[in-house]
Amino acid sequence: MIRIENLHTVIDTAQGPVRPVAGLTLTIEAGETFALVGESGCGKSVTALSILRLLPESGRVSAGQVELGGRDLMQLPEMAMRDVRGSRIGIIFQEPATSLNPVMTVGRQIAEVIERHTALRGQAALAGAVEWLVRVGIPDAERRVQDYPFQLSGGQKQRVMIAIALAAEPELLIADEPTTALDVTIQAQILELLQELQASRGMALLLITHDLAIVAQMARRVALMYAGQVVEVADAQEFFARPLHPYAANLFAALPGSGKRGRRLASIPGVVPALGGEFTGCRFAERCADVMERCRATRPELLAATPGHVVRCFLYEEAGALRTAQIAVAPGAIAASRPSEPETVLSVRDYRVWFPIRKGLLRRTAGYVKAVDGVSFEIRAGRTLALVGESGSGKTTVAKGVLQLLRREAEIHGSALLRGQELGGLQGVALRAARVGAQIVFQDPFASLNPRMRVQEILEEGVASLRPEIGAAERRARVAALLDKVGMHRDALARYPHEFSGGQRQRLAIARALAVEPRLIIADEPTSALDVSVQAQILNLLLELQQELGVAYLFITHNFGVVEYLAHEIAVMKDGRIVEHGAAESLLADPQHAYTRALLAAVPRLAA
């Protein structure tokens, strides 16, 4: 279907050229699912943009070929590429909130693709848009087709993005983290839809993801990417049975799960190297436990370790010399120092968040959307409550409502006590002072980071506002140390949010929440955009803070591996209510509610 040969991509920056893709060679067959995996910042998304020639103005493909049906896409004029995009190659972008047009209804955006690449027009195209919304699992599609993106949840926006990409039924679909914002049931539905389209139309799928369980379920072949290069390619079954490259072995060791509770996850020290300079040796050498002198002096080439399994590593230079790579940072127990009777940090009782439906010229209230309808729970110091459920069930609304972020647009009833202080009655200075003790990591890091501020200003802003007693020098030292903790280079302080990948922006959002040392962190999908190695670093950091300082977490997530590893209690939400609540071990082992059982049944898992 498509052949990529020696692809090189360069992005010019004020600090010099950056080379996020360096000599990438891949082939994808018709009807095949090919997975491209690797850490945030490794060049996966830039590879997708390079194929479609959608690079920013400062970017260019400096060498290589991308052949689709025997035609080199790099040589086509722009008008011809517009016919290729959408009809022959579709793409699901990583961040739907920034990919959807905010001033067009979602139905119009889907119909636009249908009209551009098929014979349907007008009402027929709009009917096609409704049909696609139904196929990707949007409830009440005939009404929601008239909604704007801001009226949809993060997961619903992702489903709309998938509908746009599939609307013209392309021959090749590039899916860049297509299920990142989706709950497990909708994720299963979307993956099943993609498999159906592949079976019926022979559609090829380039799947870019950090979810190894999805890769194991979907992919026929896997390529592992690191620092702009492919370091391992194999059949999926072979890759999961015996990962060869040291980087691959470390990724598998970093996966969370119930068997690792209370223990530090294996993680890879350091960060992906900056891609602006020249590399004299192996790009993974500084983070590798198997490093040899020649690794730093000589660039390794892709070697055929076994038939169909190639790896870029000197460990396999001799034919048949299969080895087991060492783990760079071995897992270990994290010392606990919890109080015998931990205080209640957050207590929520009969909490309701109702959004009024206004109609008519005078905008009178004609009814309510009961997004949260009578929720009760509490979180003690040093404990984690995981809030799980489908997209649109009210999880994020609970988080925003408790922190008094929805006062203007919603009617809020019930009680929310932060360390005994009622938040509902606080105003102005008193509310700002209370927020020192509670911070939130929002679901969409790009939308929550000020695009006009540098990272240094973003991280210092909260400290300066909420902790004025901390001087400028200490603030600077604090934010620099936070970057180290979340696995980012300190040169990131001088850059803007748009210069980072989705996973890197998520790390910055987590660092900002940690900056004021809160007693409660409400984390809304904090690891959804993170690959497993960075996720391990973040989970280790969160667990250490919890054990050392007694920080409490309200953890909103659909990643059940993280839930099994981190949560002490689980609350399952459906239609604005908590339908099941209990200790993590017992609820996961023996769920009582049919909805909880359906959620757990939809979770993709790696084979034991």
# chains A, B, ... in the order shown; residues from 1 in each chain; ligands from 1
>>> closest_atom_pairs(of="stretch 300-414 of chain A", to="stretch 290-296 of chain A", cutoff="8 Å", atoms="only C-alpha atoms", output="tab-separated table")
residue	atom	partner	partner_atom	distance
A:Pro300	CA	A:Cys295	CA	7.4
A:Phe314	CA	A:Cys295	CA	7.4
A:Ala325	CA	A:Asp290	CA	6.8
A:Gln326	CA	A:Asp290	CA	6.4
>>> residues_around(residues="A:Pro518", least_positions_apart="3", cutoff="8 Å", atoms="only C-alpha atoms", output="list of chain:residue names")
A:Val436, A:Gly437, A:Ala438, A:Gln439, A:Ala513, A:Leu514, A:Ile521, A:Val551
>>> write_last_selection(atoms="C-alpha atoms", output="PDB file, in the first residue's frame")
ATOM      1  CA  VAL A 436      -3.206  26.360  47.587  1.00  0.00           C
ATOM      2  CA  GLY A 437      -4.337  23.050  49.037  1.00  0.00           C
ATOM      3  CA  ALA A 438      -5.990  21.705  45.867  1.00  0.00           C
ATOM      4  CA  GLN A 439      -4.720  21.716  42.284  1.00  0.00           C
ATOM      5  CA  ALA A 513       0.020  21.325  39.523  1.00  0.00           C
ATOM      6  CA  LEU A 514       2.880  20.090  41.722  1.00  0.00           C
ATOM      7  CA  ILE A 521      -4.435  16.840  43.366  1.00  0.00           C
ATOM      8  CA  VAL A 551      -0.944  13.950  49.214  1.00  0.00           C
TER       9      VAL A 551
END
>>> closest_residue(among="A:Thr27, A:Gln506, A:Thr33, A:Gln456", to="A:Ala199", atoms="only C-alpha atoms")
A:Thr33
>>> residues_around(residues="stretch 578-592 of chain A", least_positions_apart="6", cutoff="8 Å", atoms="only C-alpha atoms", output="PyMOL selection string")
chain A and resi 375-376+563-564+567-572+600
>>> write_last_selection(atoms="N, CA and C atoms", output="PDB file, in the first residue's frame")
ATOM      1  N   VAL A 375     -23.745  12.998  44.021  1.00  0.00           N
ATOM      2  CA  VAL A 375     -22.523  12.213  44.188  1.00  0.00           C
ATOM      3  C   VAL A 375     -21.954  12.447  45.578  1.00  0.00           C
ATOM      4  N   SER A 376     -21.512  11.369  46.235  1.00  0.00           N
ATOM      5  CA  SER A 376     -20.903  11.464  47.559  1.00  0.00           C
ATOM      6  C   SER A 376     -19.659  10.584  47.628  1.00  0.00           C
ATOM      7  N   VAL A 563      -5.148   2.325  37.332  1.00  0.00           N
ATOM      8  CA  VAL A 563      -6.075   2.148  38.462  1.00  0.00           C
ATOM      9  C   VAL A 563      -5.624   0.992  39.343  1.00  0.00           C
ATOM     10  N   GLU A 564      -5.287  -0.122  38.736  1.00  0.00           N
ATOM     11  CA  GLU A 564      -4.850  -1.294  39.498  1.00  0.00           C
ATOM     12  C   GLU A 564      -3.584  -1.006  40.291  1.00  0.00           C
ATOM     13  N   ALA A 567      -4.660   3.081  42.692  1.00  0.00           N
ATOM     14  CA  ALA A 567      -5.878   3.404  43.438  1.00  0.00           C
ATOM     15  C   ALA A 567      -6.045   2.559  44.691  1.00  0.00           C
ATOM     16  N   HIS A 568      -6.512   3.198  45.757  1.00  0.00           N
ATOM     17  CA  HIS A 568      -6.932   2.481  46.966  1.00  0.00           C
ATOM     18  C   HIS A 568      -8.427   2.188  46.921  1.00  0.00           C
ATOM     19  N   GLU A 569      -9.178   3.128  46.341  1.00  0.00           N
ATOM     20  CA  GLU A 569     -10.621   2.949  46.180  1.00  0.00           C
ATOM     21  C   GLU A 569     -11.009   3.314  44.748  1.00  0.00           C
ATOM     22  N   ILE A 570     -12.127   2.768  44.305  1.00  0.00           N
ATOM     23  CA  ILE A 570     -12.637   3.060  42.963  1.00  0.00           C
ATOM     24  C   ILE A 570     -14.104   3.438  43.068  1.00  0.00           C
ATOM     25  N   ALA A 571     -14.473   4.514  42.363  1.00  0.00           N
ATOM     26  CA  ALA A 571     -15.876   4.896  42.229  1.00  0.00           C
ATOM     27  C   ALA A 571     -16.217   4.859  40.740  1.00  0.00           C
ATOM     28  N   VAL A 572     -17.281   4.152  40.390  1.00  0.00           N
ATOM     29  CA  VAL A 572     -17.689   3.993  38.993  1.00  0.00           C
ATOM     30  C   VAL A 572     -18.887   4.902  38.734  1.00  0.00           C
ATOM     31  N   LEU A 600     -14.854  -3.449  32.661  1.00  0.00           N
ATOM     32  CA  LEU A 600     -13.675  -4.297  32.841  1.00  0.00           C
ATOM     33  C   LEU A 600     -13.521  -5.278  31.683  1.00  0.00           C
TER      34      LEU A 600
END
>>> residues_around(residues="stretch 470-483 of chain A", least_positions_apart="4", cutoff="8 Å", atoms="only C-alpha atoms", output="PDB file with C-alpha atoms, in the first residue's frame")
ATOM      1  CA  GLN A 456       9.118  29.358  32.862  1.00  0.00           C
ATOM      2  CA  LEU A 459       5.216  27.161  36.022  1.00  0.00           C
ATOM      3  CA  GLU A 460       6.093  30.209  38.128  1.00  0.00           C
ATOM      4  CA  VAL A 463       3.672  29.791  42.793  1.00  0.00           C
ATOM      5  CA  ALA A 464       3.817  33.596  42.581  1.00  0.00           C
ATOM      6  CA  GLY A 487      11.558  14.026  32.725  1.00  0.00           C
ATOM      7  CA  MET A 488      11.995  17.240  30.701  1.00  0.00           C
ATOM      8  CA  HIS A 489      15.096  19.141  29.581  1.00  0.00           C
ATOM      9  CA  ARG A 490      15.638  22.435  31.417  1.00  0.00           C
ATOM     10  CA  LEU A 493      11.790  26.763  30.243  1.00  0.00           C
ATOM     11  CA  LEU A 508       4.301  20.404  31.940  1.00  0.00           C
ATOM     12  CA  ALA A 511       4.634  19.998  36.902  1.00  0.00           C
ATOM     13  CA  LEU A 514       2.880  20.090  41.722  1.00  0.00           C
ATOM     14  CA  ALA A 515       4.559  23.502  41.942  1.00  0.00           C
TER      15      ALA A 515
END
>>> closest_atom_pairs(of="stretch 161-270 of chain A", to="stretch 107-121 of chain A", cutoff="9 Å", atoms="only C-alpha atoms", output="CSV")
residue,atom,partner,partner_atom,distance
A:Met161,CA,A:Ile110,CA,8.6
A:Ala163,CA,A:Ile110,CA,6.9
A:Ile164,CA,A:Ile110,CA,4.9
A:Ala165,CA,A:Val113,CA,8.3
A:Ala167,CA,A:Ile114,CA,6.0
A:Ala168,CA,A:Ile114,CA,5.8
>>> residues_around(residues="A:Arg19", least_positions_apart="5", cutoff="12 Å", atoms="only C-alpha atoms", output="list in words")
Leu7, His8, Thr9, Val10, Ile11, Asp12, Thr13, Leu24, Gly41, Cys42, Gly43, Val46, Thr47, Ser58, Gly59, Arg60, Val61, Ser62, Ala63, Ala227, Gly228, Gln229, Pro273, Ala274, Leu275, Gly276, Gly277, Glu278 and Phe279 of chain A
>>> residues_around(residues="A:Ala248", least_positions_apart="3", cutoff="12 Å", atoms="only C-alpha atoms", output="PyMOL selection string")
chain A and resi 37-39+212+222-226+230-234+239-245+251-255+267-268+284+288+311-313+324-328+532-533
>>> residues_around(residues="A:Ser528", least_positions_apart="5", cutoff="10 Å", atoms="only C-alpha atoms", output="ChimeraX atom specification")
/A:177,179-182,210-211,443-444,502-503,506,535,557-559
>>> write_last_selection(atoms="N, CA and C atoms", output="tab-separated table (two decimals), in the first residue's frame")
chain	number	residue	atom	x	y	z
A	177	GLU	N	-2.61	8.29	18.05
A	177	GLU	CA	-3.23	8.17	19.37
A	177	GLU	C	-4.76	8.27	19.25
A	179	THR	N	-7.25	6.59	20.39
A	179	THR	CA	-8.12	6.24	21.53
A	179	THR	C	-7.64	6.88	22.83
A	180	THR	N	-6.76	7.88	22.74
A	180	THR	CA	-6.18	8.48	23.95
A	180	THR	C	-7.25	9.02	24.89
A	181	ALA	N	-8.24	9.73	24.35
A	181	ALA	CA	-9.25	10.38	25.20
A	181	ALA	C	-10.51	9.54	25.39
A	182	LEU	N	-10.49	8.29	24.97
A	182	LEU	CA	-11.70	7.48	24.98
A	182	LEU	C	-11.71	6.53	26.18
A	210	HIS	N	0.87	4.75	22.30
A	210	HIS	CA	1.75	4.31	23.38
A	210	HIS	C	1.09	3.19	24.19
A	211	ASP	N	-0.13	2.80	23.81
A	211	ASP	CA	-0.85	1.75	24.53
A	211	ASP	C	-0.47	0.39	23.95
A	443	GLN	N	-7.64	17.70	31.52
A	443	GLN	CA	-7.61	16.62	30.53
A	443	GLN	C	-6.87	17.02	29.26
A	444	ASP	N	-7.04	18.26	28.84
A	444	ASP	CA	-6.43	18.73	27.59
A	444	ASP	C	-5.30	19.70	27.93
A	502	GLY	N	2.30	16.27	22.46
A	502	GLY	CA	1.19	16.15	23.40
A	502	GLY	C	1.63	15.58	24.74
A	503	GLY	N	2.47	14.55	24.73
A	503	GLY	CA	2.96	13.97	25.98
A	503	GLY	C	3.81	14.92	26.78
A	506	GLN	N	1.64	17.38	28.53
A	506	GLN	CA	1.00	16.79	29.70
A	506	GLN	C	1.95	16.81	30.90
A	535	GLN	N	5.09	7.62	31.72
A	535	GLN	CA	4.02	7.31	32.67
A	535	GLN	C	4.60	6.68	33.92
A	557	THR	N	-9.61	8.56	35.27
A	557	THR	CA	-8.86	7.87	34.21
A	557	THR	C	-9.69	6.74	33.62
A	558	HIS	N	-9.30	6.32	32.41
A	558	HIS	CA	-9.87	5.11	31.84
A	558	HIS	C	-8.79	4.04	31.69
A	559	ASN	N	-7.58	4.32	32.18
A	559	ASN	CA	-6.47	3.36	32.12
A	559	ASN	C	-6.54	2.45	33.33
>>> select_by_dssp(residues="stretch 436-499 of chain A", states="alpha helix (DSSP H)", output="number ranges by chain")
A: 445-448, 455-466, 472-485
>>> write_last_selection(atoms="C-alpha atoms", output="mmCIF file, in the first residue's frame")
data_model
loop_
_atom_site.group_PDB
_atom_site.id
_atom_site.type_symbol
_atom_site.label_atom_id
_atom_site.label_comp_id
_atom_site.auth_asym_id
_atom_site.auth_seq_id
_atom_site.Cartn_x
_atom_site.Cartn_y
_atom_site.Cartn_z
ATOM 1 C CA PRO A 445 -2.955 20.133 28.323
ATOM 2 C CA PHE A 446 -2.821 22.269 25.170
ATOM 3 C CA ALA A 447 -6.024 24.113 26.058
ATOM 4 C CA SER A 448 -4.967 24.630 29.682
ATOM 5 C CA VAL A 455 7.117 27.456 30.222
ATOM 6 C CA GLN A 456 9.118 29.358 32.862
ATOM 7 C CA GLU A 457 6.260 31.862 33.273
ATOM 8 C CA ILE A 458 3.576 29.151 33.239
ATOM 9 C CA LEU A 459 5.216 27.161 36.022
ATOM 10 C CA GLU A 460 6.093 30.209 38.128
ATOM 11 C CA GLU A 461 2.673 31.857 37.768
ATOM 12 C CA GLY A 462 0.878 29.598 40.235
ATOM 13 C CA VAL A 463 3.672 29.791 42.793
ATOM 14 C CA ALA A 464 3.817 33.596 42.581
ATOM 15 C CA SER A 465 0.025 33.888 42.919
ATOM 16 C CA LEU A 466 -0.691 31.267 45.588
ATOM 17 C CA ALA A 472 11.961 34.784 42.827
ATOM 18 C CA ALA A 473 15.226 32.830 43.143
ATOM 19 C CA GLU A 474 13.537 29.968 44.994
ATOM 20 C CA ARG A 475 10.698 29.948 42.444
ATOM 21 C CA ARG A 476 13.163 29.535 39.596
ATOM 22 C CA ALA A 477 14.991 26.741 41.393
ATOM 23 C CA ARG A 478 11.690 25.024 42.182
ATOM 24 C CA VAL A 479 10.416 24.966 38.602
ATOM 25 C CA ALA A 480 13.780 23.781 37.269
ATOM 26 C CA ALA A 481 13.723 20.875 39.751
ATOM 27 C CA LEU A 482 10.148 20.061 38.726
ATOM 28 C CA LEU A 483 11.220 19.685 35.100
ATOM 29 C CA ASP A 484 13.806 17.138 36.209
ATOM 30 C CA LYS A 485 11.142 15.215 38.115
#
